[in-house]
$ cat my_file07.cif   # mmCIF, C-alpha atoms and all ligand atoms
data_target
#
loop_
_atom_site.label_atom_id
_atom_site.label_comp_id
_atom_site.auth_asym_id
_atom_site.auth_seq_id
_atom_site.Cartn_x
_atom_site.Cartn_y
_atom_site.Cartn_z
CA MET A 29 -133.35 -19.23 66.24
CA ASN A 30 -136.60 -21.05 66.25
CA VAL A 31 -137.26 -22.39 69.76
CA HIS A 32 -139.68 -25.23 70.51
CA VAL A 33 -140.42 -26.57 73.98
CA TYR A 34 -141.94 -30.02 74.44
CA ASP A 35 -143.45 -31.66 77.51
CA ASP A 36 -140.80 -34.33 77.84
CA ALA A 37 -137.62 -35.76 76.35
CA LYS A 38 -139.53 -38.33 74.32
CA THR A 39 -141.69 -35.85 72.42
CA ALA A 40 -138.71 -33.50 72.00
CA SER A 41 -136.66 -36.34 70.49
CA ARG A 42 -139.52 -37.31 68.21
CA ALA A 43 -139.65 -33.71 66.97
CA ALA A 44 -135.90 -33.75 66.29
CA ALA A 45 -136.20 -37.05 64.42
CA THR A 46 -139.05 -35.62 62.34
CA LEU A 47 -136.77 -32.81 61.14
CA PHE A 48 -134.15 -35.36 60.03
CA ALA A 49 -136.82 -37.47 58.34
CA ALA A 50 -138.19 -34.42 56.52
CA GLN A 51 -134.69 -33.48 55.35
CA LEU A 52 -134.12 -37.00 54.00
CA ILE A 53 -137.43 -37.04 52.17
CA LYS A 54 -136.78 -33.59 50.70
CA LYS A 55 -133.20 -34.44 49.69
CA PRO A 56 -132.46 -38.19 49.57
CA ASP A 57 -128.73 -37.50 49.07
CA SER A 58 -128.50 -35.33 52.19
CA VAL A 59 -125.27 -34.92 54.11
CA PHE A 60 -126.09 -35.31 57.79
CA GLY A 61 -124.01 -34.21 60.76
CA PHE A 62 -124.42 -36.51 63.75
CA ALA A 63 -123.51 -36.31 67.42
CA THR A 64 -122.93 -38.88 70.17
CA GLY A 65 -123.74 -38.70 73.90
CA SER A 66 -127.07 -39.29 75.64
CA THR A 67 -129.07 -36.58 73.88
CA PRO A 68 -129.38 -38.06 70.36
CA ILE A 69 -130.07 -41.67 71.40
CA ALA A 70 -133.88 -41.39 71.33
CA THR A 71 -133.76 -39.45 68.06
CA TYR A 72 -131.70 -42.26 66.50
CA LYS A 73 -134.24 -44.80 67.82
CA TYR A 74 -137.06 -43.01 66.00
CA LEU A 75 -135.04 -42.83 62.77
CA THR A 76 -134.27 -46.54 63.10
CA LYS A 77 -137.92 -47.39 63.73
CA TRP A 78 -139.13 -45.37 60.74
CA HIS A 79 -136.46 -46.91 58.52
CA GLN A 80 -137.44 -50.43 59.64
CA LYS A 81 -141.09 -49.67 58.90
CA GLY A 82 -140.03 -48.75 55.36
CA LEU A 83 -140.75 -45.04 55.78
CA LEU A 84 -137.16 -43.77 55.42
CA ASP A 85 -134.52 -44.79 52.90
CA PHE A 86 -131.04 -43.55 53.78
CA SER A 87 -129.33 -45.23 50.84
CA GLY A 88 -128.45 -41.97 49.11
CA ALA A 89 -127.39 -40.13 52.28
CA ILE A 90 -124.05 -39.81 54.01
CA SER A 91 -123.01 -38.55 57.42
CA PHE A 92 -120.14 -36.93 59.25
CA ASN A 93 -119.87 -37.09 63.02
CA LEU A 94 -118.78 -34.22 65.18
CA ASP A 95 -115.98 -35.89 67.04
CA GLU A 96 -113.94 -38.89 68.13
CA TYR A 97 -111.57 -39.51 71.03
CA VAL A 98 -107.86 -39.55 70.34
CA GLY A 99 -106.34 -42.96 70.96
CA LEU A 100 -109.49 -45.10 70.99
CA ALA A 101 -109.62 -47.81 68.34
CA GLU A 102 -112.92 -48.72 66.73
CA GLN A 103 -113.06 -51.95 68.75
CA ASP A 104 -113.03 -49.90 71.96
CA GLU A 105 -116.50 -49.90 73.53
CA ALA A 106 -116.27 -46.21 74.41
CA SER A 107 -115.22 -45.05 70.95
CA TYR A 108 -117.73 -42.89 69.13
CA ILE A 109 -117.57 -45.04 66.00
CA ARG A 110 -118.74 -47.95 68.12
CA PHE A 111 -121.49 -45.80 69.68
CA MET A 112 -122.73 -44.74 66.26
CA ARG A 113 -122.76 -48.31 64.96
CA GLU A 114 -124.75 -49.50 67.95
CA ASN A 115 -127.20 -46.63 68.01
CA LEU A 116 -127.70 -45.92 64.32
CA PHE A 117 -125.34 -47.12 61.59
CA ASP A 118 -126.00 -50.85 62.07
CA HIS A 119 -129.77 -50.29 61.85
CA VAL A 120 -130.21 -47.95 58.88
CA ASN A 121 -128.85 -48.01 55.34
CA LEU A 122 -126.69 -44.91 55.09
CA LYS A 123 -124.56 -44.92 51.94
CA ALA A 124 -121.47 -43.92 53.92
CA SER A 125 -120.67 -42.53 57.32
CA TYR A 126 -117.52 -40.84 58.52
CA LEU A 127 -115.95 -39.98 61.86
CA PRO A 128 -112.55 -38.44 62.45
CA ASN A 129 -109.92 -41.12 62.98
CA GLY A 130 -108.58 -40.65 66.50
CA MET A 131 -105.93 -43.31 65.83
CA ALA A 132 -104.37 -41.49 62.86
CA ALA A 133 -100.58 -41.34 62.98
CA ASP A 134 -100.65 -37.68 61.97
CA LEU A 135 -103.55 -36.03 63.76
CA SER A 136 -103.22 -32.61 62.14
CA LEU A 137 -103.28 -34.21 58.70
CA GLU A 138 -106.37 -36.14 59.77
CA CYS A 139 -108.09 -32.89 60.84
CA ALA A 140 -107.33 -31.26 57.48
CA ARG A 141 -108.46 -34.39 55.64
CA TYR A 142 -111.77 -34.37 57.56
CA ASP A 143 -112.53 -30.73 56.69
CA ALA A 144 -111.64 -31.41 53.05
CA ALA A 145 -113.97 -34.43 52.96
CA ILE A 146 -116.87 -32.37 54.35
CA ALA A 147 -116.19 -29.57 51.85
CA GLU A 148 -115.96 -32.05 48.98
CA MET A 149 -119.46 -33.28 49.82
CA GLY A 150 -120.75 -29.71 49.68
CA GLY A 151 -120.95 -29.20 53.45
CA ILE A 152 -123.52 -30.48 55.89
CA ASP A 153 -127.23 -30.17 55.13
CA LEU A 154 -128.57 -30.87 58.62
CA GLN A 155 -126.48 -31.05 61.77
CA PHE A 156 -127.60 -32.54 65.12
CA LEU A 157 -126.10 -30.78 68.14
CA GLY A 158 -126.24 -31.55 71.83
CA VAL A 159 -124.57 -29.24 74.31
CA GLY A 160 -122.13 -29.76 77.16
CA HIS A 161 -122.82 -28.24 80.59
CA ASN A 162 -119.97 -25.84 79.85
CA GLY A 163 -121.52 -24.79 76.53
CA HIS A 164 -119.36 -26.93 74.26
CA ILE A 165 -120.70 -28.03 70.87
CA GLY A 166 -118.89 -30.96 69.35
CA PHE A 167 -115.81 -30.84 71.54
CA ASN A 168 -115.27 -27.14 70.95
CA GLU A 169 -114.57 -26.27 74.55
CA PRO A 170 -114.84 -22.75 76.05
CA ALA A 171 -111.82 -20.74 74.88
CA ASP A 172 -110.68 -17.22 74.07
CA ALA A 173 -111.41 -17.63 70.36
CA PHE A 174 -113.61 -19.73 68.12
CA VAL A 175 -111.60 -22.30 66.17
CA TYR A 176 -113.01 -22.77 62.68
CA GLN A 177 -111.12 -25.84 61.49
CA THR A 178 -111.40 -29.40 62.68
CA GLN A 179 -108.84 -29.62 65.47
CA VAL A 180 -107.33 -31.74 68.21
CA VAL A 181 -108.77 -30.46 71.48
CA ASN A 182 -107.74 -30.91 75.08
CA LEU A 183 -110.89 -31.89 76.95
CA THR A 184 -111.73 -29.81 80.01
CA GLU A 185 -112.08 -31.38 83.46
CA ASP A 186 -115.87 -30.74 83.24
CA THR A 187 -116.13 -32.73 80.03
CA ILE A 188 -113.90 -35.54 81.30
CA GLU A 189 -116.09 -35.85 84.41
CA ALA A 190 -119.34 -35.67 82.42
CA ASN A 191 -118.16 -38.39 80.02
CA ALA A 192 -116.69 -40.68 82.67
CA ARG A 193 -120.08 -42.45 82.81
CA PHE A 194 -119.24 -44.14 79.52
CA PHE A 195 -115.96 -45.59 80.89
CA ASP A 196 -115.07 -48.06 83.67
CA SER A 197 -113.08 -45.35 85.44
CA ILE A 198 -112.46 -41.63 84.98
CA ASP A 199 -108.77 -42.39 84.43
CA LEU A 200 -109.68 -44.18 81.21
CA VAL A 201 -111.36 -41.13 79.65
CA PRO A 202 -109.05 -39.86 76.89
CA ARG A 203 -107.77 -36.35 77.51
CA GLN A 204 -107.95 -35.36 73.86
CA ALA A 205 -110.40 -35.63 70.99
CA ILE A 206 -110.67 -34.56 67.38
CA SER A 207 -113.59 -32.19 66.95
CA MET A 208 -115.20 -30.68 63.91
CA GLY A 209 -114.58 -26.94 64.16
CA ILE A 210 -117.04 -24.11 64.52
CA GLY A 211 -116.63 -23.44 60.76
CA ALA A 212 -118.10 -26.70 59.44
CA ILE A 213 -120.76 -26.67 62.18
CA THR A 214 -121.99 -23.15 61.48
CA GLN A 215 -121.77 -23.63 57.72
CA ALA A 216 -124.35 -26.42 58.03
CA LYS A 217 -127.44 -25.35 56.10
CA GLY A 218 -129.63 -26.37 59.01
CA ILE A 219 -128.92 -27.18 62.66
CA VAL A 220 -131.11 -29.10 65.08
CA PHE A 221 -129.94 -28.23 68.59
CA VAL A 222 -131.38 -30.45 71.32
CA ALA A 223 -131.09 -30.03 75.09
CA LEU A 224 -132.91 -32.33 77.49
CA GLY A 225 -133.23 -32.38 81.27
CA GLU A 226 -132.82 -30.01 84.15
CA SER A 227 -129.03 -30.24 84.13
CA LYS A 228 -129.00 -28.36 80.78
CA ALA A 229 -131.29 -25.52 81.94
CA GLU A 230 -128.48 -23.18 83.02
CA VAL A 231 -126.40 -23.56 79.85
CA VAL A 232 -129.52 -23.12 77.70
CA LYS A 233 -130.31 -19.90 79.55
CA GLN A 234 -126.75 -18.60 79.04
CA MET A 235 -126.80 -19.57 75.37
CA MET A 236 -130.09 -17.74 74.75
CA TYR A 237 -129.57 -14.62 76.85
CA GLY A 238 -125.83 -14.19 77.37
CA ASP A 239 -123.15 -12.78 75.07
CA ILE A 240 -122.16 -14.51 71.88
CA THR A 241 -118.71 -15.59 72.99
CA PRO A 242 -116.20 -18.41 72.52
CA HIS A 243 -116.38 -18.82 76.29
CA LEU A 244 -119.79 -20.38 75.64
CA PRO A 245 -119.36 -21.94 72.18
CA ALA A 246 -123.08 -22.78 71.77
CA SER A 247 -123.87 -19.04 71.84
CA ILE A 248 -122.58 -18.79 68.23
CA LEU A 249 -125.78 -20.54 67.16
CA ARG A 250 -127.67 -17.29 67.76
CA ALA A 251 -125.88 -15.98 64.66
CA HIS A 252 -126.92 -18.98 62.55
CA GLN A 253 -129.78 -18.42 60.11
CA ASN A 254 -131.44 -21.81 60.37
CA THR A 255 -131.11 -23.30 63.83
CA VAL A 256 -134.06 -25.05 65.42
CA VAL A 257 -133.74 -25.33 69.21
CA ILE A 258 -135.61 -28.29 70.66
CA LEU A 259 -135.98 -28.41 74.43
CA ASP A 260 -137.96 -30.37 76.95
CA ARG A 261 -139.69 -28.44 79.75
CA GLU A 262 -136.85 -29.09 82.18
CA ALA A 263 -134.13 -27.75 79.88
CA ALA A 264 -136.33 -24.72 79.16
CA SER A 265 -137.16 -24.11 82.81
CA LEU A 266 -134.93 -21.03 83.21
CA LEU A 267 -136.06 -19.27 80.04
C1 LIG B 1 -120.89 -35.52 71.18
C2 LIG B 1 -120.76 -34.09 71.27
C3 LIG B 1 -120.99 -33.36 72.55
C4 LIG B 1 -122.29 -33.73 73.24
C5 LIG B 1 -122.41 -33.00 74.58
C6 LIG B 1 -123.67 -33.39 75.32
O1 LIG B 1 -120.63 -35.95 69.87
O2 LIG B 1 -120.43 -33.52 70.31
O3 LIG B 1 -120.96 -31.98 72.30
O4 LIG B 1 -123.37 -33.39 72.41
O5 LIG B 1 -121.31 -33.30 75.37
O6 LIG B 1 -123.60 -34.72 75.70
P1 LIG B 1 -124.87 -35.47 76.29
O7 LIG B 1 -125.84 -35.58 75.17
O8 LIG B 1 -124.35 -36.82 76.71
O9 LIG B 1 -125.38 -34.65 77.41
#

$ encode --input "my_file07.cif" --output "structure tokens"
Amino acid sequence: MNVHVYDDAKTASRAAATLFAAQLIKKPDSVFGFATGSTPIATYKYLTKWHQKGLLDFSGAISFNLDEYVGLAEQDEASYIRFMRENLFDHVNLKASYLPNGMAADLSLECARYDAAIAEMGGIDLQFLGVGHNGHIGFNEPADAFVYQTQVVNLTEDTIEANARFFDSIDLVPRQAISMGIGAITQAKGIVFVALGESKAEVVKQMMYGDITPHLPASILRAHQNTVVILDREAASLL
């Protein structure tokens, strides 16, 4: 892993955005993997700004997102499709963008369909990853084994509490999500892992120095050939 520490979240996010911009320039038909949550918002703002200035053309590129809640329709303000439209898709000119459909009648079929769609596009060229306080990547929660396929996951209490800030009440947070599996994530040709803020310092320390274990899913990234870890000083404070 290639670890870079920046003074603050803004410069760290700019660095992450630069890696996505470089990938797009190098390969205009790139397949991007995107995440939701607080971490990527500033990165998406930079990509939007550079696109609007005419520096980046996404028209040949496509994207797959890591996850979507089960049971939230796209009109729902807390759905990840809505988040991606507001923070990126409505502002750049991606050729196509895909998220798992958390409203599918047959969720296991939807998971298989999502993996097949990623494979059909040749896999992901560059994947953005944030990390949960419990070490989850996508919604691959701590477990006794890594799950390789896209799957329906039961969200842990930690994750439900952490994500309650996006809902009017914690009771409205869905208890399940569809998450891209560890297979598609680790088969990405490049990964940009970003952790910002003091609250991520402990999980970053465990990921870097602890065992590679499904009990801390992000630790698998230590076995990935081309992962760039981007941290601000606070997230790196225990290294
Ligand atoms: C979101 C996702 C999650 C988040 C993680 C961190 O698509 O896959 O793994 O990256 O929960 O969330 P934030 O960035 O809000 O701290």

$ residues_near_ligand --input "my_file07.cif" --ligand "ligand LIG 1 (chain B)" --cutoff "10 Å" --atoms "all atoms listed in the file" --output "MDAnalysis selection string"
chainID A and resid 61:69 93:97 108 111:112 156:169 186:188 190:191 193:194 207:208 221:225 227:228 246

$ closest_residue --input "my_file07.cif" --among "A:Val33, A:Leu122, A:Val231, A:Leu183" --to "Val201 of chain A" --atoms "all atoms listed in the file"
A:Leu183

$ residues_near_point --input "my_file07.cif" --point "(-128.5, -45.0, 58.3)" --cutoff "8 Å" --atoms "only C-alpha atoms" --output "mmCIF file with C-alpha atoms, keeping the file's coordinate frame"
data_model
loop_
_atom_site.group_PDB
_atom_site.id
_atom_site.type_symbol
_atom_site.label_atom_id
_atom_site.label_comp_id
_atom_site.auth_asym_id
_atom_site.auth_seq_id
_atom_site.Cartn_x
_atom_site.Cartn_y
_atom_site.Cartn_z
ATOM 1 C CA THR A 76 -134.270 -46.540 63.100
ATOM 2 C CA PHE A 86 -131.040 -43.550 53.780
ATOM 3 C CA SER A 87 -129.330 -45.230 50.840
ATOM 4 C CA ALA A 89 -127.390 -40.130 52.280
ATOM 5 C CA LEU A 116 -127.700 -45.920 64.320
ATOM 6 C CA PHE A 117 -125.340 -47.120 61.590
ATOM 7 C CA ASP A 118 -126.000 -50.850 62.070
ATOM 8 C CA HIS A 119 -129.770 -50.290 61.850
ATOM 9 C CA VAL A 120 -130.210 -47.950 58.880
ATOM 10 C CA ASN A 121 -128.850 -48.010 55.340
ATOM 11 C CA LEU A 122 -126.690 -44.910 55.090
ATOM 12 C CA LYS A 123 -124.560 -44.920 51.940
#

$ closest_residue --input "my_file07.cif" --among "A:Ile198, A:Ala229, A:Ala144, A:Val220" --to "Thr46 of chain A" --atoms "all atoms listed in the file"
A:Val220

$ atom_distance --input "my_file07.cif" --atom1 "atom CA of Met236 of chain A" --atom2 "atom CA of Ile258 of chain A"
12.6 Å

$ closest_residue --input "my_file07.cif" --among "A:Asn30, A:Glu102, A:Arg113, A:Asp35" --to "Ser265 of chain A" --atoms "all atoms listed in the file"
A:Asp35

$ atom_distance --input "my_file07.cif" --atom1 "atom CA of Ala37 of chain A" --atom2 "atom CA of Val256 of chain A"
15.7 Å

$ residues_around --input "my_file07.cif" --residues "Ala251 of chain A" --least-positions-apart "3" --cutoff "9 Å" --atoms "only C-alpha atoms" --output "list of chain:residue names"
A:Met29, A:Thr214, A:Ile240, A:Ser247, A:Ile248

$ atom_distance --input "my_file07.cif" --atom1 "atom CA of Arg261 of chain A" --atom2 "atom CA of Lys38 of chain A"
11.3 Å

$ closest_residue --input "my_file07.cif" --among "A:Gly151, A:Leu259, A:Asp104, A:Leu267" --to "Ser41 of chain A" --atoms "all atoms listed in the file"
A:Leu259

$ closest_residue --input "my_file07.cif" --among "A:Ser136, A:Thr178, A:Gln253, A:Thr71" --to "Ala43 of chain A" --atoms "only C-alpha atoms"
A:Thr71

$ closest_residue --input "my_file07.cif" --among "A:Ile213, A:Val98, A:Ala192, A:Ala132" --to "Thr255 of chain A" --atoms "only C-alpha atoms"
A:Ile213

$ residues_around --input "my_file07.cif" --residues "Gly99 of chain A" --least-positions-apart "3" --cutoff "12 Å" --atoms "only C-alpha atoms" --output "NGL selection string"
:A and (96 or 102-104 or 106-108 or 128-135 or 180 or 200-206)

$ residues_around --input "my_file07.cif" --residues "Gln177 of chain A" --least-positions-apart "4" --cutoff "8 Å" --atoms "all atoms listed in the file" --output "list in words"
Cys139, Ala140, Asp143, Met208, Gly209, Ile210, Gly211 and Ala212 of chain A

$ axis_aligned_box --input "my_file07.cif" --around "segment 111-125 of chain A" --padding-each-side "8 Å" --output "lines of an AutoDock Vina configuration file"
center_x = -125.4
center_y = -46.7
center_z = 60.8
size_x = 25.5
size_y = 24.3
size_z = 33.7

$ build_atoms --input "my_file07.cif" --residues "segment 129-154 of chain A" --atoms "N, CA, C and O atoms" --output "PDB file, in the frame of the given file"
ATOM      1  N   ASN A 129    -110.657 -39.952  62.512  1.00  0.00           N
ATOM      2  CA  ASN A 129    -109.920 -41.120  62.980  1.00  0.00           C
ATOM      3  C   ASN A 129    -108.969 -40.712  64.116  1.00  0.00           C
ATOM      4  O   ASN A 129    -107.916 -40.129  63.869  1.00  0.00           O
ATOM      5  N   GLY A 130    -109.369 -41.030  65.331  1.00  0.00           N
ATOM      6  CA  GLY A 130    -108.580 -40.650  66.500  1.00  0.00           C
ATOM      7  C   GLY A 130    -107.320 -41.484  66.670  1.00  0.00           C
ATOM      8  O   GLY A 130    -106.534 -41.256  67.581  1.00  0.00           O
ATOM      9  N   MET A 131    -107.127 -42.469  65.776  1.00  0.00           N
ATOM     10  CA  MET A 131    -105.930 -43.310  65.830  1.00  0.00           C
ATOM     11  C   MET A 131    -104.935 -42.924  64.725  1.00  0.00           C
ATOM     12  O   MET A 131    -103.916 -43.590  64.555  1.00  0.00           O
ATOM     13  N   ALA A 132    -105.256 -41.865  63.982  1.00  0.00           N
ATOM     14  CA  ALA A 132    -104.370 -41.490  62.860  1.00  0.00           C
ATOM     15  C   ALA A 132    -102.965 -41.187  63.372  1.00  0.00           C
ATOM     16  O   ALA A 132    -102.801 -40.607  64.454  1.00  0.00           O
ATOM     17  N   ALA A 133    -101.967 -41.571  62.571  1.00  0.00           N
ATOM     18  CA  ALA A 133    -100.580 -41.340  62.980  1.00  0.00           C
ATOM     19  C   ALA A 133    -100.299 -39.832  63.007  1.00  0.00           C
ATOM     20  O   ALA A 133     -99.601 -39.332  63.895  1.00  0.00           O
ATOM     21  N   ASP A 134    -100.858 -39.126  62.024  1.00  0.00           N
ATOM     22  CA  ASP A 134    -100.650 -37.680  61.970  1.00  0.00           C
ATOM     23  C   ASP A 134    -102.002 -37.002  62.190  1.00  0.00           C
ATOM     24  O   ASP A 134    -102.830 -36.910  61.275  1.00  0.00           O
ATOM     25  N   LEU A 135    -102.217 -36.538  63.410  1.00  0.00           N
ATOM     26  CA  LEU A 135    -103.550 -36.030  63.760  1.00  0.00           C
ATOM     27  C   LEU A 135    -103.874 -34.729  63.041  1.00  0.00           C
ATOM     28  O   LEU A 135    -105.022 -34.486  62.659  1.00  0.00           O
ATOM     29  N   SER A 136    -102.873 -33.865  62.825  1.00  0.00           N
ATOM     30  CA  SER A 136    -103.220 -32.610  62.140  1.00  0.00           C
ATOM     31  C   SER A 136    -103.573 -32.860  60.683  1.00  0.00           C
ATOM     32  O   SER A 136    -104.478 -32.224  60.132  1.00  0.00           O
ATOM     33  N   LEU A 137    -102.918 -33.833  60.079  1.00  0.00           N
ATOM     34  CA  LEU A 137    -103.280 -34.210  58.700  1.00  0.00           C
ATOM     35  C   LEU A 137    -104.708 -34.763  58.679  1.00  0.00           C
ATOM     36  O   LEU A 137    -105.497 -34.458  57.788  1.00  0.00           O
ATOM     37  N   GLU A 138    -105.030 -35.555  59.679  1.00  0.00           N
ATOM     38  CA  GLU A 138    -106.370 -36.140  59.770  1.00  0.00           C
ATOM     39  C   GLU A 138    -107.433 -35.028  59.895  1.00  0.00           C
ATOM     40  O   GLU A 138    -108.494 -35.095  59.274  1.00  0.00           O
ATOM     41  N   CYS A 139    -107.149 -33.999  60.684  1.00  0.00           N
ATOM     42  CA  CYS A 139    -108.090 -32.890  60.840  1.00  0.00           C
ATOM     43  C   CYS A 139    -108.307 -32.192  59.498  1.00  0.00           C
ATOM     44  O   CYS A 139    -109.456 -31.913  59.107  1.00  0.00           O
ATOM     45  N   ALA A 140    -107.222 -31.935  58.777  1.00  0.00           N
ATOM     46  CA  ALA A 140    -107.330 -31.260  57.480  1.00  0.00           C
ATOM     47  C   ALA A 140    -108.090 -32.136  56.493  1.00  0.00           C
ATOM     48  O   ALA A 140    -108.933 -31.665  55.718  1.00  0.00           O
ATOM     49  N   ARG A 141    -107.798 -33.442  56.539  1.00  0.00           N
ATOM     50  CA  ARG A 141    -108.460 -34.390  55.640  1.00  0.00           C
ATOM     51  C   ARG A 141    -109.969 -34.399  55.918  1.00  0.00           C
ATOM     52  O   ARG A 141    -110.795 -34.430  55.006  1.00  0.00           O
ATOM     53  N   TYR A 142    -110.345 -34.325  57.197  1.00  0.00           N
ATOM     54  CA  TYR A 142    -111.770 -34.370  57.560  1.00  0.00           C
ATOM     55  C   TYR A 142    -112.499 -33.134  57.029  1.00  0.00           C
ATOM     56  O   TYR A 142    -113.569 -33.241  56.426  1.00  0.00           O
ATOM     57  N   ASP A 143    -111.906 -31.958  57.217  1.00  0.00           N
ATOM     58  CA  ASP A 143    -112.530 -30.730  56.690  1.00  0.00           C
ATOM     59  C   ASP A 143    -112.646 -30.793  55.174  1.00  0.00           C
ATOM     60  O   ASP A 143    -113.662 -30.370  54.609  1.00  0.00           O
ATOM     61  N   ALA A 144    -111.607 -31.327  54.517  1.00  0.00           N
ATOM     62  CA  ALA A 144    -111.640 -31.410  53.050  1.00  0.00           C
ATOM     63  C   ALA A 144    -112.747 -32.362  52.601  1.00  0.00           C
ATOM     64  O   ALA A 144    -113.450 -32.089  51.616  1.00  0.00           O
ATOM     65  N   ALA A 145    -112.923 -33.455  53.328  1.00  0.00           N
ATOM     66  CA  ALA A 145    -113.970 -34.430  52.960  1.00  0.00           C
ATOM     67  C   ALA A 145    -115.352 -33.805  53.094  1.00  0.00           C
ATOM     68  O   ALA A 145    -116.225 -33.993  52.241  1.00  0.00           O
ATOM     69  N   ILE A 146    -115.562 -33.028  54.161  1.00  0.00           N
ATOM     70  CA  ILE A 146    -116.870 -32.370  54.350  1.00  0.00           C
ATOM     71  C   ILE A 146    -117.092 -31.363  53.218  1.00  0.00           C
ATOM     72  O   ILE A 146    -118.174 -31.318  52.615  1.00  0.00           O
ATOM     73  N   ALA A 147    -116.061 -30.588  52.912  1.00  0.00           N
ATOM     74  CA  ALA A 147    -116.190 -29.570  51.850  1.00  0.00           C
ATOM     75  C   ALA A 147    -116.473 -30.234  50.508  1.00  0.00           C
ATOM     76  O   ALA A 147    -117.310 -29.763  49.722  1.00  0.00           O
ATOM     77  N   GLU A 148    -115.783 -31.345  50.256  1.00  0.00           N
ATOM     78  CA  GLU A 148    -115.960 -32.050  48.980  1.00  0.00           C
ATOM     79  C   GLU A 148    -117.402 -32.535  48.791  1.00  0.00           C
ATOM     80  O   GLU A 148    -117.915 -32.598  47.674  1.00  0.00           O
ATOM     81  N   MET A 149    -118.061 -32.838  49.887  1.00  0.00           N
ATOM     82  CA  MET A 149    -119.460 -33.280  49.820  1.00  0.00           C
ATOM     83  C   MET A 149    -120.424 -32.096  49.801  1.00  0.00           C
ATOM     84  O   MET A 149    -121.640 -32.275  49.888  1.00  0.00           O
ATOM     85  N   GLY A 150    -119.883 -30.888  49.753  1.00  0.00           N
ATOM     86  CA  GLY A 150    -120.750 -29.710  49.680  1.00  0.00           C
ATOM     87  C   GLY A 150    -121.208 -29.201  51.032  1.00  0.00           C
ATOM     88  O   GLY A 150    -122.149 -28.412  51.120  1.00  0.00           O
ATOM     89  N   GLY A 151    -120.563 -29.656  52.105  1.00  0.00           N
ATOM     90  CA  GLY A 151    -120.950 -29.200  53.450  1.00  0.00           C
ATOM     91  C   GLY A 151    -122.114 -30.019  53.984  1.00  0.00           C
ATOM     92  O   GLY A 151    -122.645 -30.903  53.302  1.00  0.00           O
ATOM     93  N   ILE A 152    -122.486 -29.703  55.196  1.00  0.00           N
ATOM     94  CA  ILE A 152    -123.520 -30.480  55.890  1.00  0.00           C
ATOM     95  C   ILE A 152    -124.889 -29.847  55.652  1.00  0.00           C
ATOM     96  O   ILE A 152    -125.052 -28.634  55.737  1.00  0.00           O
ATOM     97  N   ASP A 153    -125.862 -30.682  55.330  1.00  0.00           N
ATOM     98  CA  ASP A 153    -127.230 -30.170  55.130  1.00  0.00           C
ATOM     99  C   ASP A 153    -127.935 -29.970  56.466  1.00  0.00           C
ATOM    100  O   ASP A 153    -128.565 -28.940  56.681  1.00  0.00           O
ATOM    101  N   LEU A 154    -127.872 -30.978  57.328  1.00  0.00           N
ATOM    102  CA  LEU A 154    -128.570 -30.870  58.620  1.00  0.00           C
ATOM    103  C   LEU A 154    -127.698 -31.478  59.715  1.00  0.00           C
ATOM    104  O   LEU A 154    -127.329 -32.656  59.643  1.00  0.00           O
TER     105      LEU A 154
END
